[in-house]
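Data file: upload_17.txt. Format and content: compact mmCIF, C-alpha atoms.
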```txt
# COMPACT_ATOMS: atom_id res chain seq x y z
CA MET A 380 -3.30 48.49 -40.56
CA ASP A 381 -5.92 49.92 -38.21
CA THR A 382 -3.84 52.38 -36.17
CA LEU A 383 -0.31 53.74 -36.43
CA PHE A 384 1.44 55.62 -33.62
CA SER A 385 4.06 57.87 -35.18
CA HIS A 386 7.07 59.75 -33.82
CA ALA A 387 6.69 58.42 -30.27
CA THR A 388 9.40 57.55 -27.81
CA VAL A 389 8.61 53.84 -27.74
CA VAL A 390 9.57 52.01 -24.54
CA THR A 391 9.07 48.37 -25.49
CA MET A 392 9.98 46.63 -22.21
CA ASP A 393 10.95 43.66 -24.41
CA GLU A 394 13.75 41.21 -23.62
CA SER A 395 16.39 43.64 -24.94
CA MET A 396 14.68 46.73 -23.49
CA HIS A 397 14.59 48.40 -26.90
CA ILE A 398 13.75 52.09 -26.92
CA TYR A 399 12.95 53.97 -30.12
CA THR A 400 13.27 57.73 -29.61
CA ASP A 401 11.32 58.56 -32.79
CA GLY A 402 9.51 55.30 -33.30
CA PHE A 403 6.44 53.79 -34.90
CA VAL A 404 3.99 51.16 -33.67
CA GLY A 405 1.29 49.71 -35.88
CA ILE A 406 -1.85 47.87 -34.77
CA THR A 407 -3.96 45.45 -36.77
CA GLY A 408 -6.92 43.52 -35.42
CA GLY A 409 -6.21 44.52 -31.82
CA ARG A 410 -2.62 43.28 -31.93
CA ILE A 411 0.76 44.87 -32.45
CA ALA A 412 1.70 44.38 -36.10
CA TYR A 413 4.75 46.59 -36.41
CA VAL A 414 7.41 48.11 -34.12
CA GLY A 415 10.36 50.06 -35.47
CA LYS A 416 12.38 53.24 -35.72
CA ASN A 417 11.14 53.91 -39.26
CA PRO A 418 7.62 54.06 -40.68
CA PRO A 419 6.26 50.65 -41.70
CA PRO A 420 6.86 49.61 -45.31
CA GLU A 421 4.36 50.86 -47.86
CA GLY A 422 1.31 48.65 -48.16
CA GLY A 423 -1.77 50.67 -47.55
CA LYS A 424 -2.43 53.75 -45.45
CA PRO A 425 -3.42 53.10 -41.79
CA ARG A 426 -7.04 53.90 -41.03
CA LYS A 427 -5.91 56.12 -38.16
CA ILE A 428 -2.59 57.82 -37.49
CA ILE A 429 -1.85 59.12 -33.98
CA ASP A 430 0.92 61.70 -33.95
CA ALA A 431 2.70 60.95 -30.68
CA ALA A 432 5.53 63.47 -30.95
CA GLY A 433 6.59 64.54 -27.46
CA MET A 434 4.96 61.49 -25.92
CA VAL A 435 6.09 58.15 -24.54
CA LEU A 436 4.33 55.00 -25.74
CA MET A 437 4.75 52.03 -23.42
CA PRO A 438 2.96 48.82 -22.43
CA GLY A 439 -0.10 49.28 -20.24
CA LEU A 440 0.55 48.83 -16.53
CA ILE A 441 -0.69 45.74 -14.71
CA ASN A 442 -2.09 46.15 -11.20
CA CYS A 443 -1.75 42.70 -9.66
CA HIS A 444 -3.62 43.31 -6.40
CA THR A 445 -6.78 45.37 -6.19
CA HIS A 446 -10.11 45.53 -4.40
CA LEU A 447 -11.91 47.75 -6.91
CA PRO A 448 -15.26 48.15 -5.10
CA MET A 449 -13.45 49.63 -2.12
CA THR A 450 -13.49 52.96 -3.95
CA ILE A 451 -16.71 53.55 -2.00
CA LEU A 452 -14.68 53.29 1.24
CA ARG A 453 -11.91 55.66 0.17
CA GLY A 454 -10.93 57.91 3.05
CA CYS A 455 -13.57 56.60 5.46
CA ALA A 456 -11.13 54.96 7.89
CA ASP A 457 -7.62 56.36 7.70
CA ASP A 458 -4.74 56.15 10.17
CA TYR A 459 -5.52 52.80 11.80
CA ASP A 460 -3.53 49.60 12.07
CA LEU A 461 -4.65 46.73 9.82
CA GLN A 462 -6.69 44.76 12.37
CA THR A 463 -8.56 47.80 13.73
CA TRP A 464 -9.09 49.10 10.21
CA LEU A 465 -10.49 45.77 8.98
CA THR A 466 -12.60 44.59 11.90
CA GLN A 467 -14.02 47.87 13.20
CA HIS A 468 -14.36 49.97 10.05
CA ILE A 469 -14.16 47.95 6.81
CA PHE A 470 -15.88 44.59 7.41
CA PRO A 471 -19.03 46.14 8.96
CA ARG A 472 -19.52 48.46 5.98
CA GLU A 473 -18.71 45.75 3.44
CA ASP A 474 -21.52 43.66 4.93
CA ARG A 475 -23.98 46.28 3.63
CA LEU A 476 -22.82 46.07 0.01
CA ASP A 477 -25.00 44.46 -2.63
CA ASP A 478 -24.44 43.81 -6.35
CA ARG A 479 -25.62 47.27 -7.36
CA CYS A 480 -23.23 48.99 -4.94
CA VAL A 481 -20.34 46.78 -5.99
CA LYS A 482 -20.83 47.29 -9.72
CA ALA A 483 -20.99 51.06 -9.42
CA ALA A 484 -17.95 51.20 -7.13
CA ALA A 485 -16.03 48.77 -9.37
CA LEU A 486 -16.76 50.89 -12.45
CA LEU A 487 -15.43 53.93 -10.62
CA GLY A 488 -12.29 51.97 -9.74
CA ILE A 489 -11.86 50.77 -13.32
CA ALA A 490 -12.19 54.33 -14.60
CA GLU A 491 -9.46 55.38 -12.18
CA CYS A 492 -7.25 52.50 -13.34
CA LEU A 493 -7.70 53.40 -17.00
CA GLN A 494 -7.05 57.08 -16.31
CA PHE A 495 -3.75 56.12 -14.66
CA GLY A 496 -2.62 53.78 -17.46
CA VAL A 497 -3.60 50.39 -16.05
CA THR A 498 -4.80 47.95 -18.71
CA SER A 499 -5.16 44.79 -16.59
CA VAL A 500 -6.00 44.12 -12.94
CA SER A 501 -5.97 41.20 -10.53
CA GLU A 502 -9.02 41.64 -8.35
CA MET A 503 -10.02 39.99 -5.06
CA TYR A 504 -13.45 40.66 -3.59
CA ASP A 505 -16.96 39.26 -3.28
CA HIS A 506 -19.98 39.94 -5.51
CA VAL A 507 -17.71 38.76 -8.34
CA GLY A 508 -20.56 38.61 -10.83
CA ALA A 509 -21.13 42.35 -10.47
CA ILE A 510 -17.41 43.03 -10.79
CA ALA A 511 -17.22 40.85 -13.91
CA GLU A 512 -20.13 42.80 -15.43
CA ALA A 513 -18.29 46.06 -14.78
CA ALA A 514 -15.03 44.76 -16.26
CA ALA A 515 -16.82 43.26 -19.26
CA GLU A 516 -18.55 46.56 -20.08
CA SER A 517 -15.42 48.68 -19.59
CA GLY A 518 -13.05 46.74 -21.84
CA ILE A 519 -10.28 46.32 -19.25
CA LYS A 520 -8.52 42.99 -18.73
CA ALA A 521 -9.15 41.39 -15.35
CA ASN A 522 -8.24 38.29 -13.35
CA ILE A 523 -11.14 38.33 -10.88
CA SER A 524 -11.08 36.18 -7.75
CA ARG A 525 -13.69 35.54 -5.09
CA GLY A 526 -12.05 36.43 -1.77
CA THR A 527 -13.11 33.75 0.69
CA THR A 528 -13.06 33.76 4.48
CA MET A 529 -14.23 31.06 6.87
CA PHE A 530 -14.43 30.92 10.65
CA ILE A 531 -16.63 27.83 11.03
CA GLY A 532 -15.86 24.25 12.00
CA ASP A 533 -15.78 20.77 10.53
CA ASP A 534 -19.15 20.93 8.76
CA PHE A 535 -17.69 22.89 5.86
CA ASP A 536 -18.81 21.77 2.39
CA PHE A 537 -17.42 23.39 -0.76
CA GLU A 538 -20.60 22.62 -2.70
CA THR A 539 -22.87 24.50 -0.30
CA PHE A 540 -20.60 27.22 1.15
CA PRO A 541 -21.93 30.54 -0.28
CA ALA A 542 -18.57 31.98 -1.34
CA CYS A 543 -17.57 28.78 -3.11
CA ARG A 544 -20.93 28.59 -4.88
CA GLU A 545 -20.45 32.19 -6.02
CA LEU A 546 -17.00 31.29 -7.35
CA ALA A 547 -18.31 28.30 -9.31
CA ALA A 548 -21.20 30.32 -10.76
CA ALA A 549 -18.89 33.16 -11.81
CA ARG A 550 -16.50 30.74 -13.49
CA GLU A 551 -19.34 29.14 -15.41
CA LYS A 552 -20.62 32.49 -16.68
CA TRP A 553 -17.53 34.68 -17.01
CA ASP A 554 -14.30 32.65 -17.15
CA GLY A 555 -12.71 33.16 -20.58
CA TYR A 556 -15.14 35.92 -21.53
CA ASP A 557 -14.18 37.87 -24.67
CA SER A 558 -11.41 35.47 -25.71
CA GLY A 559 -9.89 35.42 -22.24
CA ARG A 560 -10.07 39.13 -21.46
CA LEU A 561 -11.75 38.12 -18.19
CA ARG A 562 -10.54 35.23 -16.08
CA ILE A 563 -12.18 34.00 -12.90
CA GLU A 564 -9.83 32.75 -10.18
CA ALA A 565 -10.15 31.38 -6.67
CA ALA A 566 -8.94 33.23 -3.58
CA ILE A 567 -8.26 32.46 0.04
CA HIS A 568 -8.42 35.81 1.79
CA ALA A 569 -5.59 34.93 4.18
CA GLU A 570 -4.36 32.28 6.58
CA TYR A 571 -5.64 34.23 9.59
CA THR A 572 -9.17 34.65 8.17
CA SER A 573 -9.76 31.01 7.28
CA THR A 574 -9.23 27.43 8.41
CA HIS A 575 -7.72 24.25 7.07
CA GLN A 576 -11.11 22.96 5.85
CA LEU A 577 -11.28 25.85 3.40
CA TRP A 578 -7.63 25.50 2.33
CA ASP A 579 -8.07 21.83 1.57
CA ALA A 580 -11.31 22.30 -0.34
CA VAL A 581 -10.19 25.30 -2.38
CA SER A 582 -6.83 23.78 -3.27
CA GLU A 583 -8.53 20.55 -4.36
CA TYR A 584 -10.97 22.53 -6.50
CA CYS A 585 -8.16 24.55 -8.11
CA ILE A 586 -6.07 21.47 -8.83
CA ASN A 587 -8.98 19.55 -10.34
CA GLU A 588 -10.35 22.46 -12.36
CA GLY A 589 -7.05 24.09 -13.37
CA VAL A 590 -7.87 27.34 -11.59
CA ARG A 591 -5.35 29.99 -10.56
CA LEU A 592 -5.40 31.37 -7.01
CA GLN A 593 -4.89 34.64 -5.12
CA VAL A 594 -4.09 35.08 -1.41
CA HIS A 595 -2.93 37.69 1.12
CA LEU A 596 0.28 36.41 2.70
CA SER A 597 2.39 37.57 5.67
CA GLU A 598 1.14 41.13 5.43
CA THR A 599 1.80 42.06 9.07
CA GLU A 600 4.27 40.95 11.72
CA ASN A 601 1.43 39.92 14.02
CA GLU A 602 -0.17 37.76 11.32
CA HIS A 603 3.15 36.04 10.68
CA SER A 604 4.13 35.51 14.32
CA SER A 605 0.65 34.37 15.37
CA CYS A 606 0.71 31.69 12.70
CA LEU A 607 4.10 30.51 13.92
CA GLU A 608 2.75 30.35 17.46
CA LYS A 609 -0.41 28.52 16.42
CA TYR A 610 1.02 25.99 13.96
CA GLY A 611 4.79 26.09 14.39
CA LEU A 612 4.86 27.08 10.72
CA THR A 613 4.83 30.35 8.78
CA PRO A 614 1.72 31.27 6.77
CA ALA A 615 3.51 30.24 3.57
CA GLU A 616 4.51 26.89 5.07
CA VAL A 617 1.12 26.02 6.52
CA LEU A 618 -0.74 26.90 3.32
CA ASP A 619 1.78 24.91 1.31
CA CYS A 620 1.14 21.89 3.55
CA HIS A 621 -2.48 22.09 2.41
CA HIS A 622 -1.50 22.22 -1.30
CA VAL A 623 -2.59 25.84 -1.77
CA PHE A 624 0.48 26.52 -3.90
CA ASP A 625 0.14 23.45 -6.09
CA VAL A 626 -1.49 25.72 -8.68
CA PRO A 627 -0.27 29.03 -10.16
CA ALA A 628 -0.76 31.61 -7.42
CA VAL A 629 -0.16 35.25 -6.56
CA ALA A 630 0.54 36.20 -2.96
CA ALA A 631 -0.16 39.81 -2.05
CA HIS A 632 2.09 41.79 0.31
CA CYS A 633 4.70 39.19 1.44
CA VAL A 634 6.11 41.75 3.86
CA TRP A 635 7.27 39.34 6.57
CA LEU A 636 8.45 36.36 4.54
CA SER A 637 11.42 34.46 5.94
CA GLU A 638 14.31 33.48 3.69
CA SER A 639 13.02 29.90 3.67
CA ASP A 640 9.53 31.19 2.74
CA MET A 641 11.01 32.93 -0.28
CA LYS A 642 12.79 29.79 -1.42
CA LEU A 643 9.63 27.73 -0.93
CA LEU A 644 7.47 30.18 -2.89
CA ALA A 645 10.07 30.41 -5.65
CA LYS A 646 10.08 26.61 -5.91
CA ARG A 647 6.27 26.64 -6.15
CA LYS A 648 6.47 29.46 -8.75
CA VAL A 649 4.30 31.77 -6.63
CA SER A 650 4.40 35.43 -7.69
CA ALA A 651 4.62 38.01 -4.93
CA VAL A 652 2.69 41.27 -5.30
CA HIS A 653 4.39 44.21 -3.62
CA CYS A 654 1.96 46.92 -2.41
CA PRO A 655 4.34 49.52 -0.95
CA VAL A 656 1.98 52.47 -0.42
CA SER A 657 -0.74 50.47 1.33
CA ASN A 658 1.84 48.68 3.48
CA LEU A 659 3.35 52.01 4.52
CA LYS A 660 -0.01 53.60 5.28
CA LEU A 661 -1.06 50.69 7.50
CA ALA A 662 2.45 50.53 9.01
CA SER A 663 2.66 46.86 8.03
CA GLY A 664 6.32 47.03 7.04
CA VAL A 665 8.33 46.93 3.84
CA ALA A 666 8.62 43.81 1.69
CA ASP A 667 12.17 42.84 0.73
CA VAL A 668 11.87 42.82 -3.06
CA PRO A 669 15.58 42.31 -3.87
CA ALA A 670 15.70 39.30 -1.52
CA MET A 671 12.62 37.77 -3.14
CA VAL A 672 14.11 38.26 -6.60
CA ARG A 673 17.41 36.72 -5.49
CA ALA A 674 15.46 33.72 -4.19
CA GLY A 675 13.99 33.27 -7.66
CA MET A 676 10.52 34.77 -7.16
CA ASN A 677 8.61 36.80 -9.69
CA VAL A 678 7.57 40.08 -8.03
CA ALA A 679 4.82 42.29 -9.44
CA LEU A 680 3.16 45.46 -8.17
CA GLY A 681 -0.28 46.26 -6.79
CA THR A 682 -2.04 49.19 -5.20
CA ASP A 683 -4.30 47.22 -2.83
CA GLY A 684 -7.72 48.86 -2.37
CA THR A 685 -8.40 52.58 -2.24
CA ALA A 686 -9.51 52.27 1.38
CA SER A 687 -5.90 51.58 2.36
CA ASN A 688 -3.93 53.46 -0.31
CA ASN A 689 -5.98 55.83 -1.18
CA ASN A 690 -5.64 55.77 -4.95
CA LEU A 691 -4.97 53.37 -7.83
CA ASP A 692 -1.96 55.20 -9.28
CA LEU A 693 0.51 52.44 -10.14
CA PHE A 694 3.18 54.96 -11.14
CA GLU A 695 3.25 55.94 -7.47
CA GLU A 696 3.86 52.29 -6.57
CA ILE A 697 6.72 52.06 -9.09
CA LYS A 698 8.52 54.97 -7.45
CA TYR A 699 7.88 53.81 -3.89
CA ALA A 700 9.03 50.27 -4.71
CA ALA A 701 12.35 51.55 -5.99
CA LEU A 702 12.91 54.02 -3.14
CA LEU A 703 11.99 51.58 -0.36
CA ALA A 704 14.31 48.90 -1.70
CA LYS A 705 17.16 51.40 -1.77
CA GLU A 706 16.48 52.46 1.82
CA LYS A 707 15.96 48.92 3.11
CA HIS A 708 19.35 47.82 1.77
CA HIS A 709 21.10 51.20 2.10
CA ASP A 710 22.04 50.75 -1.53
CA PRO A 711 20.95 53.13 -4.32
CA THR A 712 21.35 50.31 -6.83
CA ALA A 713 19.10 47.83 -4.96
CA LEU A 714 16.13 48.32 -7.31
CA ALA A 715 16.90 50.41 -10.39
CA ALA A 716 14.36 52.17 -12.59
CA PRO A 717 14.22 49.47 -15.32
CA ALA A 718 13.54 46.76 -12.72
CA ALA A 719 10.78 48.80 -11.07
CA LEU A 720 9.13 49.36 -14.46
CA MET A 721 9.39 45.64 -15.22
CA MET A 722 7.49 44.88 -12.01
CA ALA A 723 4.54 46.91 -13.34
CA THR A 724 4.60 45.41 -16.84
CA VAL A 725 6.51 42.22 -17.64
CA CYS A 726 6.37 40.74 -14.14
CA GLY A 727 2.73 41.68 -13.78
CA ALA A 728 1.83 39.87 -16.98
CA ARG A 729 3.74 36.82 -15.76
CA ALA A 730 1.90 36.90 -12.42
CA GLN A 731 -1.44 36.95 -14.24
CA GLY A 732 -0.47 34.15 -16.62
CA ARG A 733 -0.72 36.65 -19.48
CA GLU A 734 2.96 36.90 -20.40
CA ALA A 735 2.30 35.68 -23.95
CA GLU A 736 -0.25 38.45 -24.61
CA CYS A 737 0.85 41.64 -22.86
CA GLY A 738 3.49 43.40 -20.78
CA MET A 739 5.67 44.33 -23.77
CA ILE A 740 5.40 46.20 -27.04
CA LYS A 741 6.21 43.32 -29.35
CA THR A 742 4.74 42.12 -32.62
CA GLY A 743 1.99 39.57 -32.12
CA MET A 744 1.08 40.76 -28.62
CA ASP A 745 -2.17 42.49 -27.73
CA ALA A 746 -2.15 46.24 -28.25
CA ASP A 747 -2.42 47.09 -24.54
CA LEU A 748 -0.71 50.47 -24.71
CA ILE A 749 -0.56 53.81 -22.94
CA LEU A 750 0.63 57.26 -23.96
CA LEU A 751 2.19 59.73 -21.54
CA ASP A 752 2.64 63.43 -22.29
CA PHE A 753 6.34 64.17 -21.79
CA THR A 754 5.99 67.86 -22.63
CA ARG A 755 4.82 68.62 -19.10
CA PRO A 756 7.16 70.71 -16.91
CA HIS A 757 7.94 67.97 -14.38
CA LEU A 758 8.98 65.59 -17.18
CA MET A 759 11.46 67.95 -18.86
CA PRO A 760 14.27 67.67 -19.65
CA CYS A 761 14.31 63.91 -20.19
CA HIS A 762 17.86 62.58 -20.02
CA ASN A 763 16.80 58.97 -19.44
CA VAL A 764 13.26 57.94 -20.30
CA LEU A 765 13.24 54.90 -17.98
CA SER A 766 14.35 57.02 -15.03
CA SER A 767 11.76 59.67 -15.87
CA LEU A 768 9.01 57.05 -16.03
CA ALA A 769 10.02 55.55 -12.69
CA TYR A 770 10.79 58.66 -10.68
CA SER A 771 9.04 61.64 -12.31
CA ALA A 772 5.92 60.37 -14.07
CA ARG A 773 2.49 60.25 -12.44
CA GLY A 774 -0.71 58.54 -13.36
CA GLY A 775 -2.11 61.93 -14.34
CA ASP A 776 0.44 62.16 -17.15
CA VAL A 777 -1.35 59.40 -19.05
CA VAL A 778 -3.32 60.85 -21.97
CA MET A 779 -4.48 57.60 -23.61
CA THR A 780 -5.09 54.01 -22.51
CA MET A 781 -5.76 51.26 -25.03
CA VAL A 782 -6.64 47.57 -24.55
CA ARG A 783 -6.51 45.24 -27.55
CA GLY A 784 -6.35 48.23 -29.85
CA ARG A 785 -9.47 49.85 -28.40
CA ILE A 786 -9.14 53.24 -26.74
CA LEU A 787 -10.73 53.07 -23.29
CA TYR A 788 -9.49 56.42 -21.99
CA ALA A 789 -8.32 59.55 -23.79
CA GLU A 790 -7.95 63.13 -22.59
CA GLY A 791 -10.37 62.82 -19.69
CA LYS A 792 -13.04 60.79 -21.48
CA PHE A 793 -14.11 57.17 -21.01
CA PRO A 794 -15.83 55.88 -24.18
CA THR A 795 -17.02 52.67 -22.49
CA ILE A 796 -18.03 54.03 -19.07
CA ASP A 797 -20.88 56.44 -18.36
CA LEU A 798 -19.07 58.07 -15.46
CA SER A 799 -21.87 60.52 -14.64
CA ALA A 800 -24.34 57.61 -14.27
CA VAL A 801 -21.84 55.74 -12.07
CA VAL A 802 -21.37 58.75 -9.79
CA LYS A 803 -25.14 59.27 -9.60
CA ASP A 804 -25.74 55.65 -8.58
CA LEU A 805 -23.02 55.86 -5.95
CA ALA A 806 -24.39 59.09 -4.50
CA GLU A 807 -28.08 58.20 -4.53
CA TYR A 808 -28.00 54.48 -3.76
CA ALA A 809 -24.66 53.02 -2.70
CA MET A 810 -23.39 55.66 -0.28
CA PRO A 811 -26.68 55.88 1.72
CA ARG A 812 -26.87 52.07 1.90
CA VAL A 813 -23.31 51.66 3.18
CA PHE A 814 -22.95 54.73 5.40
CA HIS A 815 -26.51 55.65 6.40
CA PRO A 816 -28.52 52.41 6.38
CA GLU A 817 -30.98 53.69 8.99
CA GLU A 818 -32.02 56.57 6.71
CA GLN A 819 -32.51 54.22 3.78
CA GLU A 820 -34.63 51.88 5.90
CA ALA A 821 -36.77 54.80 7.07
CA LYS A 822 -37.42 55.86 3.47
CA SER A 823 -38.43 52.34 2.48
```

Please go through the file and, once you have read it, give me the structure as structure tokens.
Amino acid sequence: MDTLFSHATVVTMDESMHIYTDGFVGITGGRIAYVGKNPPPEGGKPRKIIDAAGMVLMPGLINCHTHLPMTILRGCADDYDLQTWLTQHIFPREDRLDDRCVKAAALLGIAECLQFGVTSVSEMYDHVGAIAEAAAESGIKANISRGTTMFIGDDFDFETFPACRELAAAREKWDGYDSGRLRIEAAIHAEYTSTHQLWDAVSEYCINEGVRLQVHLSETENEHSSCLEKYGLTPAEVLDCHHVFDVPAVAAHCVWLSESDMKLLAKRKVSAVHCPVSNLKLASGVADVPAMVRAGMNVALGTDGTASNNNLDLFEEIKYAALLAKEKHHDPTALAAPAALMMATVCGARAQGREAECGMIKTGMDADLILLDFTRPHLMPCHNVLSSLAYSARGGDVVMTMVRGRILYAEGKFPTIDLSAVVKDLAEYAMPRVFHPEEQEAKS
């Protein structure tokens, strides 16, 4: 046995929601080899024993909707509605990004994720090769998609369109990297930022190549109503008509879904990704999680990008998801603590197609684990560990993050990321390029 966690409160998130108040978890070869309330049977001393007394050991969190490179845009355009925020502040600055900017900003975002206990992300952006490099170096798990927009006409060709070529190249180089730690997926940015030529081509590519897909869906009331006015169909319905949901897909936001949309997406096995903090900040509305679950949908959690959140703390999303569901239905039982935690673990793994490898502490699964320090004042006393995790814990309470048995974050240090070099590259190259391009041009 390589590593043994001893005397931890082990929150397994398994099918029976087992909790061991003074438990032991053993790791061999990057996988969970033992889980129990007693030490493992004699058979050789573990190479490393981590005394986790006073701590909670749980599955790593899964952030199912991120835009990691947007760390560089954190706080630069706050307090705007979505359309103003995107078109006047975000898109113009994103146009100045290059691979070097994106890699540095993505590494910063990954460090933030690891610090807050996230072991796997679903990412949508461009410059996917640079993002894949960052994820590969860091050790995090990632489903990386190439967000694609299109505002052109009938001359569209998948083989020559730059975004589609970037997707194909990234899949050839990175898909399945490190025994599947990285996966490259397709993405349609949204119904309102693309046309039917793109939907048809991307869906055909995904069906033929067996590629999963990510999309923003019904994020704002205006997006939803404009689609109805334009096509006589909701965004979910019009994309479905073009076979977008014929492959496994995750749909971010889903704030304005109709009841029939929910049934349709459940039938197509589309996972919704609830991003409560971003949706509140942009005043987009509140997704009806209990209604989606009743319709048969899998619902996971995401932070969205730091430009609209402004952090990657998934524990914050867990709490907001539970509170907003209670308020929306005027029912304190609408989304209980265990269900909110499942959204960030079990349901997230299912949305990523990783349910056989992570999301639970269970023998045979990857050792994607996090430790939280429950001796901190705001976590004591602990009458119910699930409630404390959902309503009291913060990302800053995480003291260790492990992926496949490898520690990627512990007590403020990142063994796989040179954070000082990342910050230096952001300050000296990326920030001037994005925010002061005229100064950079003058220097060159």

Once you count all atoms listed in the file, what closest atom pair and distance in Å to one decimal does each residue of range 629-684 of chain A within 10 Å of range 713-719 of chain A have, with rows by chain and rising residue number, as JSON lines?
```
{"residue": "A:Val668", "atom": "CA", "partner": "A:Leu714", "partner_atom": "CA", "distance": 8.2}
{"residue": "A:Pro669", "atom": "CA", "partner": "A:Ala713", "partner_atom": "CA", "distance": 6.6}
{"residue": "A:Ala670", "atom": "CA", "partner": "A:Ala713", "partner_atom": "CA", "distance": 9.8}
{"residue": "A:Val678", "atom": "CA", "partner": "A:Ala719", "partner_atom": "CA", "distance": 9.8}
{"residue": "A:Ala679", "atom": "CA", "partner": "A:Ala719", "partner_atom": "CA", "distance": 9.0}
{"residue": "A:Leu680", "atom": "CA", "partner": "A:Ala719", "partner_atom": "CA", "distance": 8.8}
```

Nearest to Lys642 in chain A, chosen from A:Val656, A:Glu512, A:Leu465, A:Met671, with only C-alpha atoms counted in the distances: A:Met671

Point-to-point distance in Å for CA of Thr450 in chain A and CA of Ser687 in chain A: 10.0 Å

Answer as a CSV table (one decimal) with C-alpha atoms, in the coordinates of the input, residues within 10 Å of (-1.7, 39.5, 3.3) using only C-alpha atoms:
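Written file, out24.csv:
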```csv
chain,number,residue,atom,x,y,z
A,568,HIS,CA,-8.4,35.8,1.8
A,569,ALA,CA,-5.6,34.9,4.2
A,570,GLU,CA,-4.4,32.3,6.6
A,571,TYR,CA,-5.6,34.2,9.6
A,594,VAL,CA,-4.1,35.1,-1.4
A,595,HIS,CA,-2.9,37.7,1.1
A,596,LEU,CA,0.3,36.4,2.7
A,597,SER,CA,2.4,37.6,5.7
A,598,GLU,CA,1.1,41.1,5.4
A,599,THR,CA,1.8,42.1,9.1
A,602,GLU,CA,-0.2,37.8,11.3
A,603,HIS,CA,3.2,36.0,10.7
A,614,PRO,CA,1.7,31.3,6.8
A,630,ALA,CA,0.5,36.2,-3.0
A,631,ALA,CA,-0.2,39.8,-2.0
A,632,HIS,CA,2.1,41.8,0.3
A,633,CYS,CA,4.7,39.2,1.4
A,634,VAL,CA,6.1,41.8,3.9
A,635,TRP,CA,7.3,39.3,6.6
A,652,VAL,CA,2.7,41.3,-5.3
A,658,ASN,CA,1.8,48.7,3.5
A,663,SER,CA,2.7,46.9,8.0
```
